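A.B. asks: There's a structure below that I have some questions on.
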Amino acid sequence: MPPPVFRFAPSPNGYLHLGHALSALLNAEAVRAAGGRMLLRIEDIDVTRCRPEYEAAIYEELAWLGIQWERPVRRQSEHFADYSAALQRLEAMGLVYPSFESRAEIAALVAAREPWPRDPDGAPLYPGSAKSMGPDERAQRMASGAPYALRLDMEKALARVTGNLAWSESGDCATGEIAADPAAWGDVVLARKDTPASYHLAVVVDDALQGITDVVRGLDLFHATSVHRLLQALFGLPAPRYRHHRLILDADGRKLSKSTAATALRELRAQGLTPSDIRRRVGLD
Ligand code: GLU
């Protein structure tokens with residue numbers, strides 16, 4: 001049996017905080033327990049928000065925590081061609097269409113039709129009518145230079161999947177076979193005119209390309225797994241095992257944010273905390 005393969009996949013759009021420390025440490029612990037491999041993936045698709053100094057800090061702080069990972073590290077910004085190829089496969093299946101509404105236009109459409117369904121992250125499902133746009137108008141709008149989002153036609157995508165979509169979960173809120181519910185996300189965005197892949201598309205492509213067998217990540221991504229399972233099924237890719245772990249919350253019970261210096265590992269380290277202190281702060285040991 002080849003060893004199980006784990007990954008920690010931070011985005012360098014801010015400094016790592018205690019929640020990332022928990023995630024990275026749980027991955028490292030699972031790797032040790034299973035005699036597995038530990039990969040690090042830099043999720044820097046959004047080149048407008050990611051910065052080299054944040055990436056450098058990721059390596060520095062993970063090493064400080066005592067985490068080891070294999071080289072070379074996969075940086076998503078170096079693999080846009082892989083995501084484009086995946087998108088083209090979905091396009092060839094007739095499952096992708098462009099929509100042209102801005103966020104403000106989407107908000108206005110939704111406001112006029114409340115109550116309107118929301119996805120598990122609280123964003124309104126796509127309310128527009130781009131799906132029924134004729135091919136000529138579509139081509140002409142795309143050629144005009146207008147911004148657009150490329151969306152998955154959820155209804156058609158689900159119709160292509162036979163059998164039940166599920167995943168194996170061993171996390172802090174659920175265990176066992178979890179039924180995926182991708183329809184709850186509506187016509188998710190797979191790419192934008194200026195961003196060749198969404199998180200959902202890139203994560204599915206990369207987990208498969210890297211042979212990831214075990215995904216250990218925060219509970220904030222639990223529901224996103226439904227979209228990931230659907231994309232895996234459409235591409236004929238194997239599903240990793242998933243473990244969604246508890247989140248570290250701030251004093252007000254909110255999810256930590258990269259913009260809060262108080263919980264940044266960098267800041268805590270500068271204050272003199274040790275890696276053992278960090279382990280205790282995140283409830284390990
Ligand atoms: N890049 C994502 C984040 O920083 C994590 C993706 C994942 O683990 O699937 O939240």
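In the structure tokens, chains take the letters A, B, ... in the order shown, each chain's residues start at 1, and ligands count up from 1 in the order shown.
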List the spatial neighbours of Ala180 (chain A) as a PyMOL selection string - criterion: any atom at most 7 Å away, only C-alpha atoms, same-chain residues fewer than 4 positions off excluded.

C.D. replies: chain A and resi 165-166+226

A.B. asks: What lies within 12 Å of Gln68 (chain A) using only C-alpha atoms, ignoring chain neighbours under 6 positions off, as a list in words?

C.D. replies: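 My reading of the contact set: Phe6, Arg7, Phe8, Ala24, Leu25, Asn27, Ala28, Glu29, Val31, Arg32, Gly36, Arg37, Met38, Leu39, Leu40, Tyr59, Glu60, Glu61 and Leu62 of chain A.
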
A.B. asks: Considering only C-alpha atoms and all ligand atoms, tabulate each residue of chain A that lies at most 7 Å from ligand 1 along with its nearest interatomic pair and the corresponding distance in Å to one decimal; arrange the rows by chain and ascending residue number and present them as CSV.

C.D. replies:
residue,atom,partner,partner_atom_place_in_ligand_line,distance
A:Phe8,CA,ligand 1,8 (O),6.3
A:Ala9,CA,ligand 1,1 (N),5.0
A:Pro10,CA,ligand 1,4 (O),3.9
A:Ser11,CA,ligand 1,4 (O),4.5
A:Glu43,CA,ligand 1,1 (N),5.2
A:Val203,CA,ligand 1,9 (O),6.1
A:Arg217,CA,ligand 1,8 (O),5.0
A:Leu221,CA,ligand 1,9 (O),6.9

A.B. asks: Tell me which protein, DNA and RNA residues are within 10 Å of Thr274 (chain A), counting only C-alpha atoms, leaving out same-chain ones fewer than 5 positions away, and put them as a list in words.

C.D. replies: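 Answer for this query is Trp64, Leu65, Leu268, Arg269, Arg279 and Arg280 of chain A.
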
A.B. asks: How many Å separate CA of Ile45 (chain A) from CA of Arg118 (chain A)?

C.D. replies: 25.1 Å

A.B. asks: Identify which of the residues A:Gly171, A:Ile42, A:Ile212, A:Gly253 lies closest to His79 (chain A), counting only C-alpha atoms when measuring atom-to-atom distances.

C.D. replies: A:Ile42

A.B. asks: Find the residue from A:Ile178, A:Leu230, A:Ala197, A:Glu267 that sits nearest to Met154 (chain A); use only C-alpha atoms when measuring.

C.D. replies: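 Looking at the shortest contact to Met154 (chain A), the residue is A:Leu230.
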
A.B. asks: Could you pull out the strand (DSSP E) residues of region 10-229 of chain A from DSSP and send them as a ChimeraX atom specification?

C.D. replies: /A:37-42,74-75,96-99,149-152,166-170,175-179,189-192,214-218

A.B. asks: Okay, now the selection with N, CA and C atoms, as a short mmCIF file (atom, residue, chain, number, x, y, z; two decimals), in the first residue's frame?

C.D. replies:
data_model
loop_
_atom_site.label_atom_id
_atom_site.label_comp_id
_atom_site.auth_asym_id
_atom_site.auth_seq_id
_atom_site.Cartn_x
_atom_site.Cartn_y
_atom_site.Cartn_z
N ARG A 37 2.68 11.07 3.81
CA ARG A 37 3.48 12.14 3.22
C ARG A 37 2.77 13.46 3.42
N MET A 38 3.57 14.51 3.60
CA MET A 38 2.98 15.83 3.84
C MET A 38 3.36 16.77 2.72
N LEU A 39 2.36 17.26 2.00
CA LEU A 39 2.61 18.23 0.93
C LEU A 39 2.13 19.60 1.37
N LEU A 40 2.75 20.61 0.83
CA LEU A 40 2.33 21.99 1.07
C LEU A 40 1.95 22.57 -0.26
N ARG A 41 0.79 23.20 -0.33
CA ARG A 41 0.35 23.80 -1.60
C ARG A 41 0.03 25.27 -1.35
N ILE A 42 0.58 26.11 -2.16
CA ILE A 42 0.35 27.54 -2.02
C ILE A 42 -0.81 27.92 -2.95
N ARG A 74 3.86 22.99 -4.53
CA ARG A 74 3.05 23.36 -5.70
C ARG A 74 2.46 24.75 -5.49
N ARG A 75 2.74 25.64 -6.40
CA ARG A 75 2.17 27.00 -6.35
C ARG A 75 1.15 27.09 -7.46
N VAL A 96 -20.88 24.58 -18.96
CA VAL A 96 -20.38 25.88 -18.52
C VAL A 96 -21.04 26.99 -19.34
N TYR A 97 -21.42 28.08 -18.68
CA TYR A 97 -21.93 29.23 -19.43
C TYR A 97 -21.43 30.52 -18.78
N PRO A 98 -21.28 31.59 -19.58
CA PRO A 98 -20.84 32.86 -19.01
C PRO A 98 -22.02 33.69 -18.53
N SER A 99 -21.82 34.39 -17.41
CA SER A 99 -22.83 35.35 -16.95
C SER A 99 -22.14 36.71 -16.85
N ALA A 149 -18.32 35.92 -15.58
CA ALA A 149 -17.99 34.76 -14.73
C ALA A 149 -18.40 33.52 -15.50
N LEU A 150 -17.59 32.47 -15.47
CA LEU A 150 -17.97 31.21 -16.10
C LEU A 150 -18.57 30.32 -15.01
N ARG A 151 -19.80 29.92 -15.21
CA ARG A 151 -20.54 29.18 -14.18
C ARG A 151 -20.81 27.75 -14.61
N LEU A 152 -20.93 26.89 -13.60
CA LEU A 152 -21.33 25.50 -13.84
C LEU A 152 -22.85 25.46 -13.93
N ALA A 166 -21.35 11.12 -2.39
CA ALA A 166 -21.13 11.17 -0.95
C ALA A 166 -19.65 11.26 -0.69
N TRP A 167 -19.29 11.54 0.57
CA TRP A 167 -17.87 11.47 0.93
C TRP A 167 -17.71 10.87 2.31
N SER A 168 -16.53 10.38 2.55
CA SER A 168 -16.22 9.78 3.83
C SER A 168 -15.62 10.85 4.74
N GLU A 169 -16.26 11.05 5.88
CA GLU A 169 -15.91 12.15 6.79
C GLU A 169 -15.53 11.61 8.17
N SER A 170 -14.47 12.17 8.74
CA SER A 170 -14.09 11.76 10.10
C SER A 170 -13.75 12.99 10.92
N THR A 175 -19.28 12.23 11.26
CA THR A 175 -18.43 11.12 10.83
C THR A 175 -19.28 10.17 9.97
N GLY A 176 -18.60 9.43 9.12
CA GLY A 176 -19.31 8.46 8.28
C GLY A 176 -19.52 8.99 6.88
N GLU A 177 -20.44 8.35 6.18
CA GLU A 177 -20.74 8.77 4.81
C GLU A 177 -21.65 10.00 4.84
N ILE A 178 -21.21 11.07 4.20
CA ILE A 178 -22.01 12.29 4.16
C ILE A 178 -22.55 12.44 2.74
N ALA A 179 -23.86 12.62 2.62
CA ALA A 179 -24.46 12.82 1.29
C ALA A 179 -24.12 14.23 0.81
N VAL A 189 -19.48 29.62 -9.60
CA VAL A 189 -18.48 30.21 -10.50
C VAL A 189 -17.27 29.28 -10.56
N LEU A 190 -16.84 28.96 -11.77
CA LEU A 190 -15.66 28.10 -11.98
C LEU A 190 -14.44 28.91 -12.37
N ALA A 191 -14.67 30.08 -12.95
CA ALA A 191 -13.56 30.94 -13.40
C ALA A 191 -14.15 32.30 -13.71
N ARG A 192 -13.30 33.29 -13.80
CA ARG A 192 -13.74 34.62 -14.24
C ARG A 192 -12.85 35.05 -15.38
N ASP A 214 -6.01 12.19 1.70
CA ASP A 214 -6.65 12.65 2.94
C ASP A 214 -6.62 14.17 3.03
N VAL A 215 -7.80 14.76 3.07
CA VAL A 215 -7.90 16.22 3.20
C VAL A 215 -8.30 16.54 4.63
N VAL A 216 -7.41 17.23 5.33
CA VAL A 216 -7.70 17.69 6.70
C VAL A 216 -7.75 19.20 6.64
N ARG A 217 -8.92 19.78 6.87
CA ARG A 217 -9.08 21.24 6.74
C ARG A 217 -10.22 21.70 7.64
N GLY A 218 -10.40 23.02 7.72
CA GLY A 218 -11.37 23.58 8.67
C GLY A 218 -12.81 23.32 8.29
#

A.B. asks: Enumerate as a PDB file with all heavy atoms, in the first residue's frame all residues of region 224-264 of chain A assigned to helix (DSSP H, G or I) by DSSP on the backbone, naming them with the chain letters and numbers the document uses.

C.D. replies:
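Resulting contents of part_27.pdb:
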ATOM      1  N   ALA A 224     -18.446  23.078   1.115  1.00  0.00           N
ATOM      2  CA  ALA A 224     -17.791  23.190  -0.199  1.00  0.00           C
ATOM      3  C   ALA A 224     -17.441  21.807  -0.742  1.00  0.00           C
ATOM      4  O   ALA A 224     -17.334  21.607  -1.964  1.00  0.00           O
ATOM      5  CB  ALA A 224     -16.530  24.047  -0.085  1.00  0.00           C
ATOM      6  N   THR A 225     -17.291  20.836   0.163  1.00  0.00           N
ATOM      7  CA  THR A 225     -16.955  19.479  -0.256  1.00  0.00           C
ATOM      8  C   THR A 225     -18.010  18.910  -1.213  1.00  0.00           C
ATOM      9  O   THR A 225     -17.698  18.096  -2.082  1.00  0.00           O
ATOM     10  CB  THR A 225     -16.781  18.574   0.988  1.00  0.00           C
ATOM     11  OG1 THR A 225     -15.907  19.247   1.895  1.00  0.00           O
ATOM     12  CG2 THR A 225     -16.175  17.234   0.629  1.00  0.00           C
ATOM     13  N   SER A 226     -19.250  19.378  -1.073  1.00  0.00           N
ATOM     14  CA  SER A 226     -20.301  18.919  -1.999  1.00  0.00           C
ATOM     15  C   SER A 226     -19.965  19.297  -3.438  1.00  0.00           C
ATOM     16  O   SER A 226     -20.158  18.505  -4.363  1.00  0.00           O
ATOM     17  CB  SER A 226     -21.650  19.548  -1.612  1.00  0.00           C
ATOM     18  OG  SER A 226     -22.165  18.933  -0.450  1.00  0.00           O
ATOM     19  N   VAL A 227     -19.467  20.528  -3.619  1.00  0.00           N
ATOM     20  CA  VAL A 227     -19.076  20.970  -4.967  1.00  0.00           C
ATOM     21  C   VAL A 227     -17.859  20.177  -5.432  1.00  0.00           C
ATOM     22  O   VAL A 227     -17.772  19.753  -6.590  1.00  0.00           O
ATOM     23  CB  VAL A 227     -18.750  22.487  -4.984  1.00  0.00           C
ATOM     24  CG1 VAL A 227     -18.281  22.912  -6.367  1.00  0.00           C
ATOM     25  CG2 VAL A 227     -19.952  23.298  -4.546  1.00  0.00           C
ATOM     26  N   HIS A 228     -16.924  19.941  -4.506  1.00  0.00           N
ATOM     27  CA  HIS A 228     -15.709  19.215  -4.873  1.00  0.00           C
ATOM     28  C   HIS A 228     -16.044  17.795  -5.310  1.00  0.00           C
ATOM     29  O   HIS A 228     -15.508  17.277  -6.289  1.00  0.00           O
ATOM     30  CB  HIS A 228     -14.711  19.226  -3.702  1.00  0.00           C
ATOM     31  CG  HIS A 228     -14.376  20.626  -3.266  1.00  0.00           C
ATOM     32  ND1 HIS A 228     -13.680  20.926  -2.132  1.00  0.00           N
ATOM     33  CD2 HIS A 228     -14.680  21.829  -3.842  1.00  0.00           C
ATOM     34  CE1 HIS A 228     -13.564  22.241  -2.018  1.00  0.00           C
ATOM     35  NE2 HIS A 228     -14.173  22.802  -3.044  1.00  0.00           N
ATOM     36  N   ARG A 229     -16.980  17.164  -4.589  1.00  0.00           N
ATOM     37  CA  ARG A 229     -17.366  15.797  -4.966  1.00  0.00           C
ATOM     38  C   ARG A 229     -18.024  15.769  -6.345  1.00  0.00           C
ATOM     39  O   ARG A 229     -17.809  14.853  -7.128  1.00  0.00           O
ATOM     40  CB  ARG A 229     -18.316  15.200  -3.911  1.00  0.00           C
ATOM     41  CG  ARG A 229     -17.635  14.779  -2.628  1.00  0.00           C
ATOM     42  CD  ARG A 229     -16.659  13.604  -2.837  1.00  0.00           C
ATOM     43  NE  ARG A 229     -17.352  12.418  -3.334  1.00  0.00           N
ATOM     44  CZ  ARG A 229     -17.141  11.860  -4.518  1.00  0.00           C
ATOM     45  NH1 ARG A 229     -16.266  12.362  -5.379  1.00  0.00           N
ATOM     46  NH2 ARG A 229     -17.820  10.777  -4.883  1.00  0.00           N
ATOM     47  N   LEU A 230     -18.845  16.777  -6.630  1.00  0.00           N
ATOM     48  CA  LEU A 230     -19.489  16.823  -7.945  1.00  0.00           C
ATOM     49  C   LEU A 230     -18.435  16.973  -9.044  1.00  0.00           C
ATOM     50  O   LEU A 230     -18.463  16.251 -10.046  1.00  0.00           O
ATOM     51  CB  LEU A 230     -20.490  17.993  -8.005  1.00  0.00           C
ATOM     52  CG  LEU A 230     -21.117  18.254  -9.380  1.00  0.00           C
ATOM     53  CD1 LEU A 230     -21.889  17.042  -9.885  1.00  0.00           C
ATOM     54  CD2 LEU A 230     -22.023  19.486  -9.342  1.00  0.00           C
ATOM     55  N   LEU A 231     -17.504  17.887  -8.859  1.00  0.00           N
ATOM     56  CA  LEU A 231     -16.468  18.086  -9.883  1.00  0.00           C
ATOM     57  C   LEU A 231     -15.628  16.815 -10.038  1.00  0.00           C
ATOM     58  O   LEU A 231     -15.297  16.408 -11.151  1.00  0.00           O
ATOM     59  CB  LEU A 231     -15.588  19.290  -9.531  1.00  0.00           C
ATOM     60  CG  LEU A 231     -16.290  20.662  -9.592  1.00  0.00           C
ATOM     61  CD1 LEU A 231     -15.345  21.763  -9.108  1.00  0.00           C
ATOM     62  CD2 LEU A 231     -16.783  20.980 -11.006  1.00  0.00           C
ATOM     63  N   GLN A 232     -15.294  16.176  -8.929  1.00  0.00           N
ATOM     64  CA  GLN A 232     -14.528  14.914  -9.010  1.00  0.00           C
ATOM     65  C   GLN A 232     -15.303  13.884  -9.834  1.00  0.00           C
ATOM     66  O   GLN A 232     -14.725  13.189 -10.682  1.00  0.00           O
ATOM     67  CB  GLN A 232     -14.245  14.377  -7.600  1.00  0.00           C
ATOM     68  CG  GLN A 232     -13.170  15.157  -6.854  1.00  0.00           C
ATOM     69  CD  GLN A 232     -13.287  15.035  -5.332  1.00  0.00           C
ATOM     70  OE1 GLN A 232     -14.186  14.380  -4.797  1.00  0.00           O
ATOM     71  NE2 GLN A 232     -12.356  15.673  -4.623  1.00  0.00           N
ATOM     72  N   ALA A 233     -16.599  13.805  -9.604  1.00  0.00           N
ATOM     73  CA  ALA A 233     -17.410  12.828 -10.342  1.00  0.00           C
ATOM     74  C   ALA A 233     -17.433  13.174 -11.834  1.00  0.00           C
ATOM     75  O   ALA A 233     -17.309  12.288 -12.685  1.00  0.00           O
ATOM     76  CB  ALA A 233     -18.831  12.787  -9.773  1.00  0.00           C
ATOM     77  N   LEU A 234     -17.571  14.454 -12.158  1.00  0.00           N
ATOM     78  CA  LEU A 234     -17.617  14.856 -13.572  1.00  0.00           C
ATOM     79  C   LEU A 234     -16.297  14.551 -14.276  1.00  0.00           C
ATOM     80  O   LEU A 234     -16.269  14.192 -15.447  1.00  0.00           O
ATOM     81  CB  LEU A 234     -17.947  16.351 -13.697  1.00  0.00           C
ATOM     82  CG  LEU A 234     -19.357  16.761 -13.263  1.00  0.00           C
ATOM     83  CD1 LEU A 234     -19.471  18.277 -13.193  1.00  0.00           C
ATOM     84  CD2 LEU A 234     -20.408  16.190 -14.206  1.00  0.00           C
ATOM     85  N   PHE A 235     -15.196  14.731 -13.549  1.00  0.00           N
ATOM     86  CA  PHE A 235     -13.874  14.478 -14.137  1.00  0.00           C
ATOM     87  C   PHE A 235     -13.459  13.008 -14.028  1.00  0.00           C
ATOM     88  O   PHE A 235     -12.393  12.626 -14.518  1.00  0.00           O
ATOM     89  CB  PHE A 235     -12.801  15.323 -13.429  1.00  0.00           C
ATOM     90  CG  PHE A 235     -12.900  16.805 -13.710  1.00  0.00           C
ATOM     91  CD1 PHE A 235     -12.853  17.725 -12.665  1.00  0.00           C
ATOM     92  CD2 PHE A 235     -13.008  17.282 -15.004  1.00  0.00           C
ATOM     93  CE1 PHE A 235     -12.936  19.096 -12.917  1.00  0.00           C
ATOM     94  CE2 PHE A 235     -13.088  18.650 -15.263  1.00  0.00           C
ATOM     95  CZ  PHE A 235     -13.053  19.554 -14.215  1.00  0.00           C
ATOM     96  N   ALA A 261      -4.350  41.139  13.578  1.00  0.00           N
ATOM     97  CA  ALA A 261      -2.957  40.908  13.974  1.00  0.00           C
ATOM     98  C   ALA A 261      -2.876  40.090  15.264  1.00  0.00           C
ATOM     99  O   ALA A 261      -1.951  39.308  15.457  1.00  0.00           O
ATOM    100  CB  ALA A 261      -2.243  42.243  14.136  1.00  0.00           C
ATOM    101  N   ALA A 262      -3.881  40.246  16.146  1.00  0.00           N
ATOM    102  CA  ALA A 262      -3.806  39.648  17.482  1.00  0.00           C
ATOM    103  C   ALA A 262      -3.602  38.140  17.452  1.00  0.00           C
ATOM    104  O   ALA A 262      -3.008  37.579  18.366  1.00  0.00           O
ATOM    105  CB  ALA A 262      -5.065  39.983  18.268  1.00  0.00           C
ATOM    106  N   THR A 263      -4.099  37.462  16.419  1.00  0.00           N
ATOM    107  CA  THR A 263      -3.984  36.011  16.397  1.00  0.00           C
ATOM    108  C   THR A 263      -3.022  35.539  15.318  1.00  0.00           C
ATOM    109  O   THR A 263      -2.946  34.350  15.024  1.00  0.00           O
ATOM    110  CB  THR A 263      -5.361  35.359  16.186  1.00  0.00           C
ATOM    111  OG1 THR A 263      -5.976  35.997  15.067  1.00  0.00           O
ATOM    112  CG2 THR A 263      -6.231  35.499  17.411  1.00  0.00           C
TER     113      THR A 263
END

A.B. asks: Pick from A:Ala208, A:Thr195, A:Arg103, A:Asp153: nearest to Val47 (chain A), with only C-alpha atoms counted?

C.D. replies: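 So, comparing all the options, the nearest one is A:Thr195.
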
A.B. asks: Which residues are close to Leu109 (chain A), i.e. within 12 Å by only C-alpha atoms, leaving aside same-chain residues fewer than 6 positions away? Reply as an NGL selection string.

C.D. replies: :A and (101-103 or 115-116 or 124-129)

A.B. asks: Please list as a list in words every residue within 12 Å of Gly14 (chain A), counting only C-alpha atoms and excluding residues in the same chain fewer than 4 positions away.

C.D. replies: Pro10, His20, Glu43, Asp44, Arg49, Cys50, Arg51, Pro52, Glu53, Tyr54, Glu55, Ala56, Ala57, Ile58, Leu256, Ser257, Lys258, Ser259, Thr260, Ala261, Thr263, Ala264, Leu265 and Arg266 of chain A

A.B. asks: Can those selected residues be exported to a file as a short mmCIF file (atom, residue, chain, number, x, y, z; two decimals), in the first residue's frame so that it contains N, CA, C and O atoms?

C.D. replies:
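The result, stored in result.cif:
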data_model
loop_
_atom_site.label_atom_id
_atom_site.label_comp_id
_atom_site.auth_asym_id
_atom_site.auth_seq_id
_atom_site.Cartn_x
_atom_site.Cartn_y
_atom_site.Cartn_z
N PRO A 10 -2.53 26.64 2.32
CA PRO A 10 -2.88 28.03 2.68
C PRO A 10 -2.83 28.97 1.47
O PRO A 10 -2.15 28.69 0.48
N HIS A 20 -4.86 28.45 11.18
CA HIS A 20 -3.96 27.75 10.25
C HIS A 20 -3.00 26.83 11.02
O HIS A 20 -2.67 25.75 10.55
N GLU A 43 -1.94 28.31 -2.37
CA GLU A 43 -3.14 28.59 -3.18
C GLU A 43 -3.18 30.08 -3.51
O GLU A 43 -3.88 30.86 -2.86
N ASP A 44 -2.42 30.42 -4.54
CA ASP A 44 -2.24 31.84 -4.89
C ASP A 44 -2.83 32.17 -6.26
O ASP A 44 -2.24 32.90 -7.05
N ARG A 49 -4.53 39.50 -4.70
CA ARG A 49 -4.52 39.55 -3.22
C ARG A 49 -3.33 38.84 -2.60
O ARG A 49 -3.03 39.04 -1.42
N CYS A 50 -2.66 37.98 -3.36
CA CYS A 50 -1.55 37.23 -2.79
C CYS A 50 -0.25 38.00 -2.93
O CYS A 50 -0.05 38.70 -3.92
N ARG A 51 0.63 37.86 -1.92
CA ARG A 51 1.88 38.62 -1.97
C ARG A 51 3.06 37.74 -1.56
O ARG A 51 2.93 36.88 -0.69
N PRO A 52 4.22 37.98 -2.19
CA PRO A 52 5.40 37.16 -1.89
C PRO A 52 5.79 37.18 -0.42
O PRO A 52 6.23 36.16 0.12
N GLU A 53 5.60 38.31 0.26
CA GLU A 53 6.01 38.34 1.67
C GLU A 53 5.12 37.43 2.53
O GLU A 53 5.58 36.86 3.52
N TYR A 54 3.87 37.28 2.13
CA TYR A 54 3.00 36.36 2.88
C TYR A 54 3.43 34.91 2.63
O TYR A 54 3.38 34.07 3.53
N GLU A 55 3.81 34.63 1.39
CA GLU A 55 4.26 33.27 1.08
C GLU A 55 5.54 32.95 1.87
O GLU A 55 5.67 31.87 2.46
N ALA A 56 6.46 33.90 1.89
CA ALA A 56 7.71 33.69 2.64
C ALA A 56 7.40 33.45 4.11
O ALA A 56 8.02 32.58 4.76
N ALA A 57 6.41 34.19 4.63
CA ALA A 57 6.05 34.04 6.04
C ALA A 57 5.45 32.66 6.31
O ALA A 57 5.64 32.08 7.38
N ILE A 58 4.71 32.11 5.33
CA ILE A 58 4.13 30.77 5.50
C ILE A 58 5.25 29.75 5.75
O ILE A 58 5.20 28.97 6.70
N LEU A 256 -11.56 33.35 12.88
CA LEU A 256 -10.41 34.25 12.81
C LEU A 256 -10.22 34.76 11.39
O LEU A 256 -10.52 34.07 10.43
N SER A 257 -9.72 35.97 11.30
CA SER A 257 -9.49 36.54 9.99
C SER A 257 -8.01 36.87 9.84
O SER A 257 -7.33 37.19 10.81
N LYS A 258 -7.55 36.80 8.59
CA LYS A 258 -6.13 37.07 8.35
C LYS A 258 -5.78 38.52 8.65
O LYS A 258 -4.62 38.86 8.79
N SER A 259 -6.78 39.39 8.72
CA SER A 259 -6.47 40.80 8.93
C SER A 259 -6.37 41.15 10.42
O SER A 259 -6.05 42.28 10.77
N THR A 260 -6.63 40.17 11.32
CA THR A 260 -6.52 40.46 12.76
C THR A 260 -5.12 40.11 13.24
O THR A 260 -4.76 38.95 13.31
N ALA A 261 -4.35 41.14 13.58
CA ALA A 261 -2.96 40.91 13.97
C ALA A 261 -2.88 40.09 15.26
O ALA A 261 -1.95 39.31 15.46
N THR A 263 -4.10 37.46 16.42
CA THR A 263 -3.98 36.01 16.40
C THR A 263 -3.02 35.54 15.32
O THR A 263 -2.95 34.35 15.02
N ALA A 264 -2.28 36.47 14.71
CA ALA A 264 -1.31 36.08 13.69
C ALA A 264 -0.12 35.40 14.36
O ALA A 264 0.40 35.87 15.38
N LEU A 265 0.32 34.29 13.80
CA LEU A 265 1.44 33.55 14.38
C LEU A 265 2.67 34.45 14.46
O LEU A 265 3.45 34.39 15.42
N ARG A 266 2.82 35.27 13.45
CA ARG A 266 3.96 36.17 13.39
C ARG A 266 4.02 37.10 14.61
O ARG A 266 5.06 37.30 15.23
#

A.B. asks: What gap, in Å, lies between CA of Ala159 (chain A) and CA of Met93 (chain A)?

C.D. replies: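 Computing it gives 11.7 Å between the two atoms.
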